[in-house]
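Here is the structure we will look at, set down as structure tokens.
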Amino acid sequence: MPDMDAAVLRSTDPIAVEQVELTDPGQGEVLIKIEACGVCHSDLHWINNFRNDTLPAGIAKPSAAILGHEVAGIVEEIGPNVSAVAPGDHVIVGFRPNCGGNCHFCIRGTPWLCERPDNPDRAYTGGSPRLSQDGVPIMQGVGVGGFSEYTVMPERAAIKIRNDAPLETVCLIGCGVTTGIGAAINTAKIEAGSDVAVIGIGGVGLNVVQGARLAGARKIIAVDMMDNKLDMAADFGATHFVNASEGDPVEKVRDLANGYLDYAFEAIGLGATCRQAFDMVRDGGTAVVVGVVGDDITVPGRAFLREKKLIGSFYGSNSLHTDIPKLVDLYMDGRIKVDELISKRRPLSEINEAFEDMLAGEVARSVLHPSGL
Ligand SMILES: [Zn+2]
Ligand SMILES: [Zn+2]
């Protein structure tokens, strides 16, 4: 594998496009040419953790990392003993490939909780690195290293999709779409006719909204502090709107649902908004935490006597190999929106601008094109 361009994160400098080395695909691995990679909030969390030395325990801080995990591309080469995909196949990357049946969670049918994922961050978990520069290992941040021209991933992470789906758009199914729609349908299992609120209308929140619509929810109440995001929520199926900067959103949502809100989703990642979600739902109702939260969630214990539930949702509780092709079909049939989630396309060299857009709250999603626009 020749050297390739990648956007390399270091401790202080802005992210810069540099030449890095990628290994050939090994046993059970595939080389994927990346057509497009969405810029996700998890990348930003990861950058902050990297720069503030707050990576999870057990991960030695690398000198450099390549982020990006919302990837679609084409299989270019396969290593020995790969059978699920072949060169030329179009794939979406699942950033947390499950072991496929060798752990407690995969055996019981909950592969998104797999405790033995073939972790691509293996440079930092004992394996030999796939990415390096002048012999110094580089980490595949969030497990993929998608802000680059190519990635090498385990076969189980390369989810084959139909060849007529536009890769530059369906890349978002690799994270944001699956996380949001899956939270509504797989995690919460919203029943038709339910009343639902969604707090935080970003890329994931919009997908919770359209997941609630697919599930046949009656009222879908979008909550955000920005009117332009509430307008977007309308296009994705929201029926009612609360601007949280204009008074107490809990009271407003409860009023809109006549006091009987069935589900509330938190898609920001803040303790305060998790509390709002919990307070909004009726007795017996469910608040679902979709955002990446810290340890600062507090809810009143007496509410549990009324069977209120506070539950987590990870990666849309998805089974990658069945759910990703299904979402691609729903998109191709016009039943879910994905194009509308993309507000800007940029070359890899504009990665810092893409994160600036995200911080300014200007976009639902930027998509980077490592091989050019
Ligand atoms: Zn993501
Ligand atoms: Zn497993």
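Letters A, B, ... go to the chains of the structure tokens in the order shown; residues in each chain start at 1; ligands are counted from 1 in the same order.
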
Show me a table, sorted first by chain and then by increasing residue number, of the residues of chain A having an atom at most 9 Å from ligand 2, each with its shortest atom pair and the distance in Å to one decimal, counting only C-alpha atoms and all ligand atoms and written as a tab-separated table.
residue	atom	partner	partner_atom_place_in_ligand_line	distance
A:Pro97	CA	ligand 2	1 (Zn)	8.6
A:Asn98	CA	ligand 2	1 (Zn)	4.9
A:Cys99	CA	ligand 2	1 (Zn)	4.0
A:Gly100	CA	ligand 2	1 (Zn)	5.5
A:Gly101	CA	ligand 2	1 (Zn)	5.4
A:Asn102	CA	ligand 2	1 (Zn)	5.4
A:Cys103	CA	ligand 2	1 (Zn)	4.2
A:His104	CA	ligand 2	1 (Zn)	6.7
A:Phe105	CA	ligand 2	1 (Zn)	5.7
A:Cys106	CA	ligand 2	1 (Zn)	4.3
A:Ile107	CA	ligand 2	1 (Zn)	7.2
A:Thr110	CA	ligand 2	1 (Zn)	8.3
A:Pro111	CA	ligand 2	1 (Zn)	5.7
A:Trp112	CA	ligand 2	1 (Zn)	8.1
A:Leu113	CA	ligand 2	1 (Zn)	7.2
A:Cys114	CA	ligand 2	1 (Zn)	3.7
A:Glu115	CA	ligand 2	1 (Zn)	5.4
A:Arg116	CA	ligand 2	1 (Zn)	5.1
A:Pro117	CA	ligand 2	1 (Zn)	6.0
A:Asp118	CA	ligand 2	1 (Zn)	8.9

* Check every protein, DNA and RNA residue against ligand 1, keep those with an atom at most 6 Å away (counting only C-alpha atoms and all ligand atoms), and present them as a list in words. => Cys40, Ser42, Cys175 and Gly176 of chain A

* Asked: If you run DSSP on this backbone, which residues of segment 181-211 of chain A come out as strand (DSSP E or B), and could you give them as a PyMOL selection string?
  -> chain A and resi 196-199

* Output as a ChimeraX atom specification all residues of segment 166-223 of chain A that backbone DSSP marks as helix (DSSP H, G or I). => /A:167-174,176-187,203-214

* Arg130 of chain A: which residues within 8 Å, counting only C-alpha atoms, same-chain residues fewer than 4 positions away excluded, as a ChimeraX atom specification? -> /A:22-23,123,137-138,152

* Structure fact -> Of A:Val144, A:Ile351, A:Met1, A:Ala222, the one sitting nearest Asp235 of chain A when using only C-alpha atoms is A:Ala222

* Leaving out Pro370 of chain A and any residue of its chain fewer than 2 positions from it, which residues lie within 12 Å of it when counting only C-alpha atoms, given as a ChimeraX atom specification? -> /A:4-7,17,33-38,68,71-73,145-151,168,345-351,367-368,372-373

* When you draw a straight line from atom CA of Pro62 of chain A to atom CA of Arg156 of chain A, how long is it in Å? -> 25.2 Å

* Asked: Between A:Gly237, A:Gly285, A:Pro14, A:Pro154, which is the closest to Ile190 of chain A once you count only C-alpha atoms?
  ->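 Smallest separation from Ile190 of chain A among the options: A:Gly285.
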
* **Surrounding residues of segment 299-301 of chain A excluding itself and chain neighbours under 6 positions, 10 Å, only C-alpha atoms, as a VMD selection string** => chain A and resid 271 to 272 274 to 276 278 to 279 308 310

Next, the residues of the selection above should be written as a JSON list (two decimals), in the first residue's frame with N, CA and C atoms.
[["chain", "number", "residue", "atom", "x", "y", "z"],
["A", 271, "GLY", "N", -26.24, 16.58, 31.14],
["A", 271, "GLY", "CA", -27.02, 16.12, 32.29],
["A", 271, "GLY", "C", -28.33, 16.89, 32.43],
["A", 272, "ALA", "N", -28.29, 18.19, 32.20],
["A", 272, "ALA", "CA", -29.48, 19.03, 32.40],
["A", 272, "ALA", "C", -30.60, 18.65, 31.42],
["A", 274, "CYS", "N", -30.88, 15.71, 29.95],
["A", 274, "CYS", "CA", -31.35, 14.36, 30.31],
["A", 274, "CYS", "C", -32.43, 14.47, 31.38],
["A", 275, "ARG", "N", -32.20, 15.37, 32.35],
["A", 275, "ARG", "CA", -33.19, 15.58, 33.40],
["A", 275, "ARG", "C", -34.50, 16.11, 32.80],
["A", 276, "GLN", "N", -34.38, 17.03, 31.84],
["A", 276, "GLN", "CA", -35.59, 17.54, 31.19],
["A", 276, "GLN", "C", -36.36, 16.41, 30.51],
["A", 278, "PHE", "N", -36.37, 13.26, 31.23],
["A", 278, "PHE", "CA", -36.99, 12.41, 32.25],
["A", 278, "PHE", "C", -38.23, 13.07, 32.85],
["A", 279, "ASP", "N", -38.14, 14.38, 33.09],
["A", 279, "ASP", "CA", -39.26, 15.09, 33.70],
["A", 279, "ASP", "C", -40.44, 15.24, 32.74],
["A", 308, "LYS", "N", -41.38, 5.30, 35.92],
["A", 308, "LYS", "CA", -40.70, 6.04, 34.86],
["A", 308, "LYS", "C", -39.36, 5.38, 34.57],
["A", 310, "LEU", "N", -35.49, 5.50, 32.62],
["A", 310, "LEU", "CA", -34.39, 6.25, 32.01],
["A", 310, "LEU", "C", -33.45, 5.21, 31.42]]

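The protein and nucleic acid residues lying at most 10 Å from His41 of chain A are Gly38, Val39, Asp43, Leu44, His45, Trp46, Ile47, Gly176, Gly202, Gly203, Val204, Ile268, Gly291, Val292, Phe355, Met358, Leu359 and Arg365 of chain A, with only C-alpha atoms considered and sequence neighbours fewer than 2 positions away removed.
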
* Please identify all polymer residues within 8 Å of Gly174 of chain A, counting only C-alpha atoms, omitting same-chain residues fewer than 3 positions from it, and present them as a list in words. =>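 The residues that qualify are His69, Glu70, Val71, Ala72, Ile92, Val93, Gly94, Phe95, Val170, Cys171, Val177, Thr178 and Ile324 of chain A.
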
* To do: Could you check which of A:Met153, A:Ser63, A:Asp339, A:His369 is closest to Gln27 of chain A, using only C-alpha atoms?
  =>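 Using only C-alpha atoms, the shortest distance to Gln27 of chain A belongs to A:Met153.
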
* atom CA of Gly247 of chain A to atom CA of Gly259 of chain A, distance in Å rounded to a single decimal ->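 Value for the atom CA of Gly247 of chain A-atom CA of Gly259 of chain A distance: 17.3 Å.
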
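With distances restricted to only C-alpha atoms, A:Ala158 is the closest residue to Glu76 of chain A from A:Ala233, A:Ala158, A:Ala16, A:Ala212.
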